[in-house]
Structures are given as C-alpha cells and as structure tokens.
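> Provided below: my_file-v4.cif, containing mmCIF, C-alpha atoms and all ligand atoms.
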```cif
data_target
loop_
_atom_site.label_atom_id
_atom_site.label_comp_id
_atom_site.auth_asym_id
_atom_site.auth_seq_id
_atom_site.Cartn_x
_atom_site.Cartn_y
_atom_site.Cartn_z
CA MET P 1 43.29 11.22 100.14
CA ARG P 2 42.11 8.24 102.20
CA GLU P 3 45.40 8.29 104.10
CA LEU P 4 45.14 12.01 104.72
CA LEU P 5 41.57 11.76 106.00
CA ALA P 6 42.67 8.99 108.37
CA ARG P 7 45.41 11.26 109.76
CA THR P 8 42.92 14.08 110.27
CA ALA P 9 40.58 11.85 112.28
CA ARG P 10 42.98 11.79 115.26
CA PRO P 11 41.53 13.09 118.53
CA GLY P 12 42.15 16.79 119.04
CA VAL P 13 42.57 17.56 115.32
CA ILE P 14 40.16 20.19 114.00
CA SER P 15 39.50 19.02 110.48
CA PHE P 16 38.68 21.25 107.54
CA ALA P 17 39.64 18.33 105.29
CA GLY P 18 36.53 16.22 104.59
CA GLY P 19 33.28 17.28 102.99
CA LEU P 20 30.92 16.02 105.65
CA PRO P 21 27.90 17.67 107.20
CA ALA P 22 28.23 18.05 110.98
CA ASN P 23 26.69 15.14 112.90
CA ARG P 24 24.45 17.50 114.81
CA ASN P 25 22.99 18.85 111.54
CA LEU P 26 21.85 15.43 110.34
CA PRO P 27 18.06 14.92 110.49
CA LEU P 28 18.28 12.04 112.94
CA GLU P 29 14.86 12.39 114.53
CA GLN P 30 13.04 12.88 111.21
CA LEU P 31 14.75 9.83 109.69
CA ARG P 32 13.88 7.77 112.76
CA VAL P 33 10.19 8.69 112.35
CA CYS P 34 10.29 7.88 108.61
CA LEU P 35 12.08 4.58 109.12
CA ASP P 36 9.58 3.57 111.76
CA ALA P 37 6.64 4.51 109.53
CA VAL P 38 8.07 2.55 106.60
CA LEU P 39 8.76 -0.57 108.64
CA SER P 40 5.29 -0.48 110.20
CA ARG P 41 3.43 0.23 106.98
CA ASP P 42 5.39 -1.69 104.35
CA ASP P 43 6.44 -4.60 106.60
CA GLY P 44 8.68 -7.11 104.83
CA ARG P 45 8.64 -5.30 101.48
CA ALA P 46 10.88 -2.61 102.90
CA LEU P 47 13.51 -5.25 103.63
CA GLN P 48 13.35 -7.07 100.29
CA TYR P 49 15.06 -6.89 96.94
CA GLY P 50 12.94 -4.74 94.70
CA PRO P 51 12.81 -2.52 91.61
CA PRO P 52 13.32 1.25 91.92
CA TYR P 53 10.67 2.59 94.28
CA ALA P 54 8.16 4.42 92.05
CA PRO P 55 6.84 6.88 94.69
CA LEU P 56 10.43 8.05 95.26
CA GLN P 57 11.00 8.43 91.50
CA GLU P 58 7.82 10.51 91.34
CA LEU P 59 8.88 12.79 94.20
CA ILE P 60 12.30 13.31 92.62
CA ALA P 61 10.73 14.06 89.23
CA GLY P 62 8.58 16.71 90.95
CA TYR P 63 11.65 18.21 92.64
CA MET P 64 13.51 18.35 89.32
CA ARG P 65 10.52 19.91 87.53
CA GLU P 66 10.47 22.63 90.21
CA ARG P 67 14.09 23.28 89.22
CA GLY P 68 13.11 23.70 85.56
CA VAL P 69 13.92 20.24 84.21
CA VAL P 70 11.35 18.65 81.91
CA CYS P 71 11.08 15.08 83.19
CA GLU P 72 8.67 12.38 84.19
CA THR P 73 8.74 9.67 86.81
CA GLY P 74 10.15 7.14 84.33
CA ASP P 75 13.12 9.44 83.59
CA VAL P 76 14.44 9.14 87.15
CA PHE P 77 17.07 6.43 87.40
CA ILE P 78 17.75 5.69 91.08
CA THR P 79 21.44 5.31 91.99
CA SER P 80 23.40 4.60 95.14
CA GLY P 81 24.85 8.12 95.10
CA ASN P 82 26.68 10.30 92.63
CA GLN P 83 29.89 8.29 92.76
CA GLN P 84 27.94 5.36 91.37
CA GLY P 85 26.34 7.68 88.82
CA LEU P 86 29.79 8.82 87.69
CA GLU P 87 30.99 5.23 87.44
CA LEU P 88 27.92 4.15 85.46
CA VAL P 89 28.21 7.00 82.99
CA ALA P 90 31.94 6.34 82.62
CA ARG P 91 31.26 2.66 81.90
CA LEU P 92 28.60 3.60 79.40
CA LEU P 93 30.41 6.36 77.53
CA ILE P 94 34.18 6.15 77.89
CA ASP P 95 36.26 4.10 75.52
CA PRO P 96 39.96 3.71 76.39
CA GLY P 97 41.87 6.71 75.06
CA ALA P 98 38.82 8.99 75.04
CA VAL P 99 39.52 12.59 76.02
CA VAL P 100 37.29 13.81 78.84
CA ALA P 101 37.11 17.53 79.68
CA VAL P 102 36.92 18.39 83.39
CA GLU P 103 37.42 21.58 85.41
CA GLU P 104 41.18 21.95 85.98
CA TYR P 105 40.54 21.35 89.67
CA THR P 106 37.88 18.79 90.33
CA PHE P 107 36.52 16.19 92.74
CA THR P 108 38.91 13.25 92.94
CA GLY P 109 36.03 10.81 92.30
CA VAL P 110 35.40 12.46 88.92
CA MET P 111 39.00 11.85 87.91
CA GLN P 112 38.97 8.30 89.27
CA ALA P 113 35.82 7.39 87.32
CA ALA P 114 37.21 8.77 84.05
CA LEU P 115 40.80 7.52 84.44
CA GLY P 116 39.53 4.13 85.60
CA HIS P 117 38.08 3.59 82.14
CA GLY P 118 41.20 4.60 80.26
CA ALA P 119 40.32 8.23 79.58
CA THR P 120 42.79 11.08 79.21
CA LEU P 121 41.78 14.23 81.07
CA ALA P 122 41.57 17.61 79.32
CA PRO P 123 41.70 20.17 82.16
CA VAL P 124 39.65 23.30 81.43
CA ALA P 125 40.57 26.61 83.08
CA VAL P 126 38.45 27.90 85.96
CA ASP P 127 37.82 31.32 87.40
CA LEU P 128 37.69 31.86 91.17
CA ARG P 129 34.43 33.84 90.85
CA ALA P 130 32.35 31.84 88.40
CA GLY P 131 33.98 28.46 88.03
CA LEU P 132 34.40 27.02 84.55
CA ASP P 133 35.77 29.30 81.81
CA LEU P 134 33.33 28.69 78.94
CA ASP P 135 35.70 30.05 76.27
CA ALA P 136 38.32 27.54 77.42
CA LEU P 137 35.65 24.82 77.30
CA GLU P 138 34.82 25.73 73.72
CA ASP P 139 38.54 25.61 72.82
CA ALA P 140 38.75 22.11 74.30
CA LEU P 141 35.69 21.03 72.31
CA ARG P 142 37.22 22.46 69.13
CA ARG P 143 40.36 20.42 69.75
CA GLY P 144 38.15 17.35 70.19
CA VAL P 145 36.88 15.85 73.45
CA GLN P 146 34.44 12.97 73.76
CA MET P 147 32.76 13.91 77.02
CA LEU P 148 32.43 16.68 79.63
CA ILE P 149 32.12 16.17 83.38
CA LEU P 150 31.23 19.39 85.21
CA ILE P 151 30.22 20.44 88.74
CA PRO P 152 28.21 23.62 88.13
CA ASP P 153 26.93 24.19 91.70
CA PHE P 154 29.13 24.92 94.72
CA HIS P 155 31.97 23.17 93.05
CA ASN P 156 34.18 20.68 94.86
CA PRO P 157 36.88 21.90 95.60
CA LEU P 158 36.30 25.53 94.51
CA GLY P 159 32.98 26.30 96.23
CA VAL P 160 31.78 28.57 93.37
CA SER P 161 28.90 28.17 90.92
CA MET P 162 28.49 28.77 87.19
CA ASP P 163 26.16 31.69 86.40
CA ALA P 164 22.94 31.25 84.40
CA ALA P 165 24.46 32.38 81.09
CA SER P 166 27.32 29.86 81.45
CA ARG P 167 24.82 27.05 82.07
CA VAL P 168 22.89 27.94 78.91
CA ARG P 169 26.14 28.06 76.97
CA ALA P 170 27.43 24.76 78.37
CA ALA P 171 24.22 22.98 77.26
CA GLU P 172 24.41 24.69 73.91
CA LEU P 173 28.08 23.68 73.40
CA ALA P 174 27.34 20.04 74.30
CA ALA P 175 24.56 20.07 71.71
CA ARG P 176 26.62 21.84 69.01
CA TYR P 177 29.64 19.55 69.39
CA GLY P 178 27.48 16.46 69.96
CA VAL P 179 29.18 15.39 73.20
CA PRO P 180 27.59 14.08 76.40
CA LEU P 181 27.81 16.43 79.37
CA VAL P 182 27.73 14.89 82.84
CA GLU P 183 26.39 17.37 85.41
CA ASP P 184 27.55 16.20 88.84
CA ASP P 185 25.32 18.00 91.35
CA PRO P 186 25.43 16.91 94.99
CA TYR P 187 25.49 20.48 96.35
CA SER P 188 22.85 22.72 94.71
CA ALA P 189 20.36 22.32 97.60
CA LEU P 190 23.01 23.67 99.99
CA ARG P 191 22.51 27.30 98.94
CA PHE P 192 22.68 29.84 101.78
CA ALA P 193 22.95 33.09 99.78
CA GLY P 194 21.90 34.42 96.37
CA GLU P 195 19.21 33.10 94.05
CA PRO P 196 18.82 29.43 93.05
CA LEU P 197 19.78 28.66 89.47
CA PRO P 198 18.36 25.95 87.20
CA PRO P 199 20.75 23.09 86.47
CA VAL P 200 22.41 22.81 83.05
CA LYS P 201 19.95 19.95 82.43
CA ALA P 202 17.14 22.53 82.36
CA TYR P 203 18.64 23.93 79.13
CA ASP P 204 19.27 20.53 77.55
CA ASP P 205 16.98 20.65 74.53
CA ALA P 206 19.24 18.26 72.63
CA GLY P 207 19.20 15.47 75.25
CA ARG P 208 22.97 15.50 75.83
CA VAL P 209 23.07 16.07 79.61
CA PHE P 210 23.33 13.30 82.21
CA TYR P 211 22.23 14.94 85.45
CA LEU P 212 23.43 13.35 88.70
CA GLY P 213 21.71 14.29 91.97
CA SER P 214 22.40 12.91 95.45
CA PHE P 215 20.84 12.81 98.92
CA SER P 216 24.30 12.56 100.52
CA LYS P 217 24.80 16.24 101.25
CA MET P 218 21.16 17.37 101.34
CA VAL P 219 20.04 14.66 103.80
CA ALA P 220 22.79 12.23 104.89
CA PRO P 221 25.81 10.58 103.22
CA ALA P 222 25.13 7.16 104.77
CA LEU P 223 21.86 6.84 102.87
CA ARG P 224 23.94 6.09 99.77
CA LEU P 225 21.09 7.26 97.56
CA GLY P 226 20.99 9.46 94.49
CA TRP P 227 19.46 9.70 91.06
CA MET P 228 20.27 10.27 87.43
CA ILE P 229 18.22 11.95 84.71
CA ALA P 230 19.74 10.45 81.58
CA PRO P 231 18.73 10.61 77.94
CA ARG P 232 15.76 8.26 77.86
CA GLU P 233 16.98 5.88 75.16
CA LEU P 234 20.07 5.03 77.26
CA GLN P 235 18.22 3.99 80.41
CA PRO P 236 17.90 0.28 79.47
CA ARG P 237 21.67 0.08 78.95
CA LEU P 238 22.32 1.83 82.25
CA THR P 239 20.04 -0.66 84.00
CA VAL P 240 22.02 -3.59 82.61
CA LEU P 241 25.37 -1.96 83.48
CA ARG P 242 24.18 -1.31 87.00
CA GLU P 243 23.35 -4.98 87.56
CA SER P 244 27.05 -5.73 87.78
CA LEU P 245 27.55 -3.11 90.53
CA ASP P 246 24.68 -3.81 92.90
CA LEU P 247 21.15 -5.17 92.72
CA GLU P 248 19.36 -1.83 92.99
CA SER P 249 19.54 0.67 95.85
CA SER P 250 18.22 -0.38 99.25
CA GLN P 251 14.42 -0.60 99.37
CA LEU P 252 14.53 0.43 103.00
CA VAL P 253 16.46 3.59 102.25
CA GLN P 254 14.42 4.49 99.16
CA ARG P 255 11.17 4.13 101.09
CA THR P 256 12.52 6.08 104.07
CA VAL P 257 13.70 8.95 101.88
CA ALA P 258 10.37 8.97 99.99
CA GLU P 259 8.64 9.26 103.37
CA PHE P 260 11.00 12.10 104.36
CA LEU P 261 10.17 14.00 101.17
CA ALA P 262 6.42 13.25 101.26
CA ARG P 263 6.16 14.52 104.84
CA GLY P 264 7.75 17.83 103.79
CA TYR P 265 10.80 17.35 106.02
CA LEU P 266 13.34 18.39 103.38
CA ARG P 267 12.72 22.13 103.27
CA PRO P 268 12.93 22.83 107.04
CA HIS P 269 15.94 20.53 107.29
CA LEU P 270 17.74 22.43 104.52
CA GLU P 271 16.85 25.75 106.14
CA GLN P 272 18.56 24.83 109.38
CA LEU P 273 21.50 23.14 107.66
CA ASN P 274 22.10 26.08 105.34
CA ALA P 275 21.75 28.62 108.14
CA ALA P 276 24.43 26.76 110.11
CA ASN P 277 26.69 26.53 107.05
CA ARG P 278 26.22 30.24 106.26
CA GLU P 279 27.48 31.17 109.72
CA ARG P 280 30.45 28.79 109.56
CA CYS P 281 31.40 30.05 106.11
CA ARG P 282 31.19 33.65 107.37
CA LEU P 283 33.49 32.86 110.28
CA MET P 284 36.01 31.11 108.06
CA ALA P 285 36.03 33.88 105.44
CA GLY P 286 36.36 36.50 108.20
CA ALA P 287 39.40 34.74 109.63
CA LEU P 288 40.98 34.59 106.15
CA GLU P 289 40.34 38.28 105.59
CA ARG P 290 41.91 39.29 108.90
CA ALA P 291 45.02 37.14 108.45
CA LEU P 292 45.60 37.19 104.70
CA GLY P 293 43.63 40.13 103.26
CA GLY P 294 45.48 41.42 100.18
CA GLN P 295 48.03 38.60 100.27
CA ALA P 296 46.07 35.60 99.08
CA HIS P 297 42.95 34.78 97.08
CA TRP P 298 40.01 32.70 98.13
CA THR P 299 36.56 31.94 96.81
CA THR P 300 33.34 33.39 98.25
CA PRO P 301 30.80 30.56 98.19
CA GLN P 302 27.04 31.16 98.26
CA GLY P 303 26.49 27.60 99.40
CA GLY P 304 28.02 24.16 99.49
CA VAL P 305 30.71 23.26 101.98
CA PHE P 306 34.11 24.45 100.66
CA ILE P 307 36.33 27.52 100.36
CA TRP P 308 39.33 27.31 97.99
CA LEU P 309 42.33 29.27 99.21
CA VAL P 310 45.20 30.22 96.90
CA LEU P 311 48.39 31.36 98.64
CA PRO P 312 51.23 33.23 96.95
CA GLY P 313 53.03 31.02 94.41
CA GLY P 314 55.98 29.22 95.93
CA VAL P 315 54.12 28.30 99.11
CA ASP P 316 53.70 24.52 99.00
CA THR P 317 50.53 23.53 100.85
CA GLN P 318 51.58 19.91 101.00
CA LEU P 319 54.56 20.94 103.10
CA ILE P 320 52.38 23.21 105.25
CA LEU P 321 50.08 20.26 105.94
CA ASN P 322 52.64 18.47 108.11
CA THR P 323 53.15 21.54 110.27
CA ALA P 324 49.40 22.10 110.39
CA LEU P 325 48.80 18.53 111.56
CA ASP P 326 51.39 19.07 114.30
CA ALA P 327 49.31 22.10 115.29
CA GLN P 328 46.21 19.85 115.31
CA VAL P 329 44.43 21.28 112.26
CA ALA P 330 43.86 19.72 108.83
CA PHE P 331 42.93 20.64 105.26
CA VAL P 332 43.40 19.05 101.84
CA PRO P 333 46.29 20.41 99.74
CA GLY P 334 45.18 21.70 96.34
CA PHE P 335 47.33 19.36 94.28
CA ALA P 336 44.98 16.49 95.25
CA PHE P 337 42.28 18.03 93.03
CA ALA P 338 44.47 19.02 90.09
CA ALA P 339 43.62 17.42 86.75
CA ARG P 340 46.90 18.86 85.44
CA GLU P 341 50.10 17.34 86.81
CA GLY P 342 51.89 19.79 89.12
CA ALA P 343 49.03 22.30 89.48
CA GLY P 344 47.39 23.47 92.70
CA ARG P 345 50.59 23.39 94.80
CA SER P 346 49.89 26.72 96.49
CA ALA P 347 46.16 26.09 97.02
CA MET P 348 44.16 24.31 99.68
CA ARG P 349 40.55 23.21 100.13
CA LEU P 350 38.88 24.24 103.38
CA ASN P 351 35.63 22.64 104.55
CA PHE P 352 33.38 24.75 106.75
CA SER P 353 30.38 22.46 107.27
CA ASN P 354 31.80 19.99 109.78
CA ALA P 355 33.42 21.94 112.62
CA THR P 356 31.47 23.90 115.23
CA ALA P 357 31.59 27.70 115.12
CA GLN P 358 34.12 27.57 117.94
CA GLY P 359 36.06 24.86 116.12
CA ILE P 360 36.26 27.07 113.04
CA GLN P 361 37.58 29.99 115.01
CA GLU P 362 40.13 27.91 116.87
CA GLY P 363 41.11 25.83 113.83
CA MET P 364 41.56 28.90 111.65
CA GLU P 365 43.72 30.50 114.31
CA ARG P 366 45.98 27.42 114.33
CA LEU P 367 46.02 27.08 110.54
CA LEU P 368 46.58 30.75 109.79
CA ALA P 369 49.44 30.93 112.26
CA VAL P 370 51.16 28.17 110.25
CA VAL P 371 50.30 29.81 106.93
CA ARG P 372 51.44 33.26 108.08
CA ALA P 373 54.71 31.90 109.38
CA THR P 374 55.36 30.20 106.03
CA ILE P 375 54.50 33.30 104.01
CA ASP P 376 56.52 35.62 106.26
CA ASP P 377 59.44 33.24 106.06
CA ARG P 378 59.32 32.97 102.28
CA PHE P 379 58.13 36.45 101.48
CA PRO P 380 59.50 39.13 103.77
CA ALA P 381 57.18 42.13 103.48
CA GLU P 382 59.21 44.03 100.86
CA ALA P 383 59.62 41.10 98.53
CA TYR P 384 55.93 40.31 98.82
CA ARG P 385 54.96 43.86 97.83
CA LEU P 386 57.05 43.48 94.67
CA LEU P 387 55.50 40.11 93.94
CA ALA P 388 51.99 41.45 94.40
CA ALA P 389 52.75 44.41 92.11
CA ASP P 390 53.72 41.96 89.35
CA ASP P 391 50.42 40.14 89.67
C1 LIG E 1 31.42 16.70 93.37
C2 LIG E 1 31.06 15.40 93.99
N1 LIG E 1 30.55 14.44 93.23
C3 LIG E 1 30.20 13.24 93.75
C4 LIG E 1 30.38 12.96 95.09
C5 LIG E 1 29.99 11.62 95.61
O1 LIG E 1 28.72 11.76 96.20
P1 LIG E 1 27.82 10.56 96.71
O2 LIG E 1 27.94 10.52 98.18
O3 LIG E 1 26.45 10.95 96.24
O4 LIG E 1 28.28 9.29 96.05
C6 LIG E 1 30.92 13.94 95.93
C7 LIG E 1 31.17 13.66 97.35
O5 LIG E 1 31.77 14.38 98.06
C8 LIG E 1 31.27 15.19 95.36
O6 LIG E 1 31.80 16.17 96.10
#
```
Take the structure in the file and give it back as structure tokens.


Amino acid sequence: MRELLARTARPGVISFAGGLPANRNLPLEQLRVCLDAVLSRDDGRALQYGPPYAPLQELIAGYMRERGVVCETGDVFITSGNQQGLELVARLLIDPGAVVAVEEYTFTGVMQAALGHGATLAPVAVDLRAGLDLDALEDALRRGVQMLILIPDFHNPLGVSMDAASRVRAAELAARYGVPLVEDDPYSALRFAGEPLPPVKAYDDAGRVFYLGSFSKMVAPALRLGWMIAPRELQPRLTVLRESLDLESSQLVQRTVAEFLARGYLRPHLEQLNAANRERCRLMAGALERALGGQAHWTTPQGGVFIWLVLPGGVDTQLILNTALDAQVAFVPGFAFAAREGAGRSAMRLNFSNATAQGIQEGMERLLAVVRATIDDRFPAEAYRLLAADD
C-alpha cells in the first residue's frame, strides 16, 4: 500500500487512492488561532511532558454523551490516533493463535494490528448496502472467536454504515458470547446525508466494547490525536502498555484541540467539510452511473470518504491499475483490503474527499475509460448480458 501511494503521488496523477481530506478543507486558520491562544495562555506547559489533558477528556466525554454513550471524563483514554488504539487493544487482548473476526474487507491497519500479534483472521461477510452481515457474525461467534474488530460507520473501504438494529445486535452478541468488540470509528462525524446513529458503544450494557475515536478525519490527520472509551477496569493496564509506545500524546496538540472544541469550531468546520464531500461523492457516483450503470455494483455512502466499486468477476483491478496509472489516475485495488486470501480481485476503493470537483470529473473520465475498455474487451455486449442474467 505504501508503495502504491508513493506511485500515486507523482505530479499530474489524480489520486482516488488515499483517504485524506483535501488540504483546502483543513481548518488551518482556526488551528492557528487555537495554537496561538494555547501558547500565550499556557506558556511552557503546552510544550512539556504531561498527563492526559483533563479539559480535553471532559470535552470528549461530553461529545460521546451527546452520541448516547454513558461515560465520564475519567473514561476517556487519550491516544495518538486510532491506529495506536488498535495496536493497544491488540497488545492487551490478542494471544498468539487467537481468532479475530473482522469484516471480510477491512482497513489494512486493522489486519496489521491483529496479525502482528499472532492472530488468525475470521472474515465475516458484508453487504454492499448495510455493511456487516450480523447472521454471519453470529455464525463466526458460534464457531468460536476471541475478539471482534468492526468499523460500523462509513466503513473503510466500503463506505457504508451498519443500521441501528445491527448495532444493537452487535453489542448484544458481544455480551452473549463474552467477547470484546473493538469499534473503530474515525469517520462517523463525516456524515453528509441521512440521520446520525449512536455508536455500538451506546448499546454496550455489558462493558464489552472498546470504542476508538479519532480527530484525524474530523479535524486533521497530522494532529495524531484520538481517544478510546474502554471498559474501566482495563484502563490501568492500557496506560502501562502505552508507556512502551510513547510517553502520552503531545500536550501542545491536546491543548490546541481542546481549544478548538471549546471555541465551538468543530461544528462549522464539519458542515463545510461534509458539504464539500457530499458534492464530490455525488459527482463520483454520477460518473459511475453514466459509465457503468447496470454493469457493475458500487456502494452509496451517506458520509465518510470512500466508494467501493465491484466490477464484473474476471476483471482484475490490480491489472487495471497499471493502465490507470499510465492514464494518470489512481485507486486502490480491492484485494489490498481482503481478509480472505484471493478475494476482492474485481473491486476497487475510490476516495472522493481529496480531489477537487474538477479533478473528480477528469479523473473519473480517465479511470472509466480504462475500466470500460477492459470490460468491453473481456465481456463483449452479448456475453455480458448472459453473465448478468446469471447473477
Ligand atoms: C478504519 C480506520 N481505522 C483507523 C485509521 C487510523 O486512523 P488514525 O489516523 O486515527 O490513526 C484509519 C485511517 O485511515 C481508518 O480508515
């Protein structure tokens, strides 16, 4: 993935590959004001080592309570982003050989954290409308898994979200089977359509859910700041485990983000970010419909930053990538997200948050020309009609 992202960074390439917000949508001016205020007010303390910054923990607890999670300031464990949260939970909970259930396509960092601690992955089927298939999850639990790692909101790479009933059921299954459920949630604040849904953690009466939240996508990735709401009795162990990774998150960043939240900058920032993403997603989906309507499937996100496109079986998106890069456009082939060896070959992940509206139109034109040529080459119209009828 690192190699691919390096190739896509070449000048002239329109990239739908990463998962970055667009530079011009970052709250540069607001962060400058907050940073200045923090340095003036807190002087040297902002540049010191220090324990988690309590006013930030309090603001996050308030944000989580608004989302339906019962929690107090002391429940908020500050992290340096969700990747660190995933690593910490993996260190805490995974013994070598443990079976960890994940969505059958999932964020590469989820797989890396679990596999890095000797886990075996149990891929659980997903649906292109609602994400995780809860019946398949229950089957996996019946066969015996030791942990679940799920991305319920604007899933990476699928872009879809679990509905409310599935969230209730996921919490209930974790409780019934007595397994920890890690809820990896960097994207829920990036909703641009539909109604907000409470996280799975809001239904966690049994104290099985480790909720991971992050400022990376809702404010800026370079902050490297996130939080975890973990079962309370495990917090001391998490604190000790974290000491071997870093010595707390940056005081400067914690104080700056607390200032950003306290000044009420988050809501207007999200409104403009989500409005921009809504338009880019609309343009991308429109281009897909015009070029591939009836011949391919793709997800319809209500937020987040990704569309998942599934081409007719037999089209290998890894092979298409080389031609696409020659045409100066990039995406990530689906196999990179597959928890099951050999899956995702005909799929690709498309990011819509980074390119300009014009970039999306131009990039989709380039990409869809490559895709169309591959499909037309492999599936002359008549053969494709027969294939589609079999579906
Ligand atoms: C699903 C998911 N989890 C975790 C992360 C890592 O996020 P952070 O920047 O908070 O470490 C990402 C980043 O793209 C992600 O998509």

> Could you check the closest approach to ligand LIG 1 (chain E) for each of P:Val102, P:Ala330, P:Ala276, P:Ala262 and tell me which residue wins, using all atoms listed in the file?

P:Val102

> Extract, using all atoms listed in the file, all DNA, RNA and protein residues at most 6 Å from region 191-207 of chain P, discarding same-chain residues fewer than 2 positions from it, and format them as a ChimeraX atom specification.

/P:67-69,167-168,171,175,189,209,231,274,278,302-303

> Out of P:Ala220, P:Leu181, P:Ile60, P:Ala296, which residue has the shortest atom-to-atom distance to Ala258 (chain P) when counting all atoms listed in the file?

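Nearest candidate to Ala258 (chain P) out of P:Ala220, P:Leu181, P:Ile60, P:Ala296: P:Ile60.
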
> Within 6 Å of ligand LIG 1 (chain E), which residues show up when you count only C-alpha atoms and all ligand atoms? List them as a ChimeraX atom specification, please.

/P:19,81-83,107,156,184,186,214,216,221,226

> Report, in Å with one decimal, the straight-line distance from CA of Gly131 (chain P) to CA of Asp153 (chain P).

9.0 Å

> Would you kindly return, as a ChimeraX atom specification, each protein, DNA or RNA residue with an atom no farther than 12 Å from any atom of Gln328 (chain P), considering only C-alpha atoms and excluding same-chain residues fewer than 4 positions away?

/P:7-16,321-324,359,362-367,369-370

> Please determine, counting only C-alpha atoms, which residue among P:Glu341, P:Asp377, P:Asp185, P:Asp246 has the shortest atom-to-atom distance to Lys217 (chain P).

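Counting only C-alpha atoms, the residue closest to Lys217 (chain P) is P:Asp185.
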
> What gap, in Å, lies between CA of Glu103 (chain P) and CA of Met284 (chain P)?

24.6 Å

> Could you list, as a list in words, every residue within 10 Å of Arg282 (chain P), counting all atoms listed in the file and ignoring same-chain residues fewer than 3 positions away?

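Once the nearby chain positions are removed, what remains is Asn277, Arg278, Glu279, Ala285, Gly286, Ala287, Leu288, Thr300, Pro301, Phe352 and Ala357 of chain P.
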
> As an exercise, work out the distance from CA of Arg340 (chain P) to CA of Ile149 (chain P) in Å and give it to one decimal place.

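CA of Ile149 (chain P) lies at a distance of 15.2 Å from CA of Arg340 (chain P).
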
> Using all atoms listed in the file, find the one residue out of P:Leu26, P:Ala122, P:Ala355, P:Ile78 that sits nearest to Leu56 (chain P).

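Closest to Leu56 (chain P), using all atoms listed in the file: P:Ile78.
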
> Tell me which of P:Arg378, P:Arg41, P:His297, P:Arg267 sits closest to Asp316 (chain P), counting all atoms listed in the file.

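Checking each of P:Arg378, P:Arg41, P:His297, P:Arg267 against Asp316 (chain P), counting all atoms listed in the file, the winner is P:Arg378.
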
> Residues within 9 Å of Gln48 (chain P), please, as a list in words. Count all atoms listed in the file; anything in the same chain fewer than 5 positions from it doesn't count.

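Within the cut-off, the hits are Ser250, Gln251 and Leu252 of chain P.
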
> As number ranges by chain, please: the residues near Gly85 (chain P) (cut-off 12 Å, all atoms listed in the file, same-chain neighbours under 5 positions excluded).

P: 77-80, 90-92, 109-110, 113-114, 149, 182-186, 210-214, 224-230, 238-239, 241-242, 245

> Just C-alpha atoms for this one: save the residues we selected as a PDB file, in the coordinates of the input.


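This is the output file again32.pdb:
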```pdb
ATOM      1  CA  PHE P  77      17.070   6.430  87.400  1.00  0.00           C
ATOM      2  CA  ILE P  78      17.750   5.690  91.080  1.00  0.00           C
ATOM      3  CA  THR P  79      21.440   5.310  91.990  1.00  0.00           C
ATOM      4  CA  SER P  80      23.400   4.600  95.140  1.00  0.00           C
ATOM      5  CA  ALA P  90      31.940   6.340  82.620  1.00  0.00           C
ATOM      6  CA  ARG P  91      31.260   2.660  81.900  1.00  0.00           C
ATOM      7  CA  LEU P  92      28.600   3.600  79.400  1.00  0.00           C
ATOM      8  CA  GLY P 109      36.030  10.810  92.300  1.00  0.00           C
ATOM      9  CA  VAL P 110      35.400  12.460  88.920  1.00  0.00           C
ATOM     10  CA  ALA P 113      35.820   7.390  87.320  1.00  0.00           C
ATOM     11  CA  ALA P 114      37.210   8.770  84.050  1.00  0.00           C
ATOM     12  CA  ILE P 149      32.120  16.170  83.380  1.00  0.00           C
ATOM     13  CA  VAL P 182      27.730  14.890  82.840  1.00  0.00           C
ATOM     14  CA  GLU P 183      26.390  17.370  85.410  1.00  0.00           C
ATOM     15  CA  ASP P 184      27.550  16.200  88.840  1.00  0.00           C
ATOM     16  CA  ASP P 185      25.320  18.000  91.350  1.00  0.00           C
ATOM     17  CA  PRO P 186      25.430  16.910  94.990  1.00  0.00           C
ATOM     18  CA  PHE P 210      23.330  13.300  82.210  1.00  0.00           C
ATOM     19  CA  TYR P 211      22.230  14.940  85.450  1.00  0.00           C
ATOM     20  CA  LEU P 212      23.430  13.350  88.700  1.00  0.00           C
ATOM     21  CA  GLY P 213      21.710  14.290  91.970  1.00  0.00           C
ATOM     22  CA  SER P 214      22.400  12.910  95.450  1.00  0.00           C
ATOM     23  CA  ARG P 224      23.940   6.090  99.770  1.00  0.00           C
ATOM     24  CA  LEU P 225      21.090   7.260  97.560  1.00  0.00           C
ATOM     25  CA  GLY P 226      20.990   9.460  94.490  1.00  0.00           C
ATOM     26  CA  TRP P 227      19.460   9.700  91.060  1.00  0.00           C
ATOM     27  CA  MET P 228      20.270  10.270  87.430  1.00  0.00           C
ATOM     28  CA  ILE P 229      18.220  11.950  84.710  1.00  0.00           C
ATOM     29  CA  ALA P 230      19.740  10.450  81.580  1.00  0.00           C
ATOM     30  CA  LEU P 238      22.320   1.830  82.250  1.00  0.00           C
ATOM     31  CA  THR P 239      20.040  -0.660  84.000  1.00  0.00           C
ATOM     32  CA  LEU P 241      25.370  -1.960  83.480  1.00  0.00           C
ATOM     33  CA  ARG P 242      24.180  -1.310  87.000  1.00  0.00           C
ATOM     34  CA  LEU P 245      27.550  -3.110  90.530  1.00  0.00           C
TER      35      LEU P 245
END
```

> Restricting the calculation to all atoms listed in the file: of P:Pro157, P:Gly178, P:Gly62, P:Pro51, which residue gets closest to Trp298 (chain P)?

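So, comparing all the options, the nearest one is P:Pro157.
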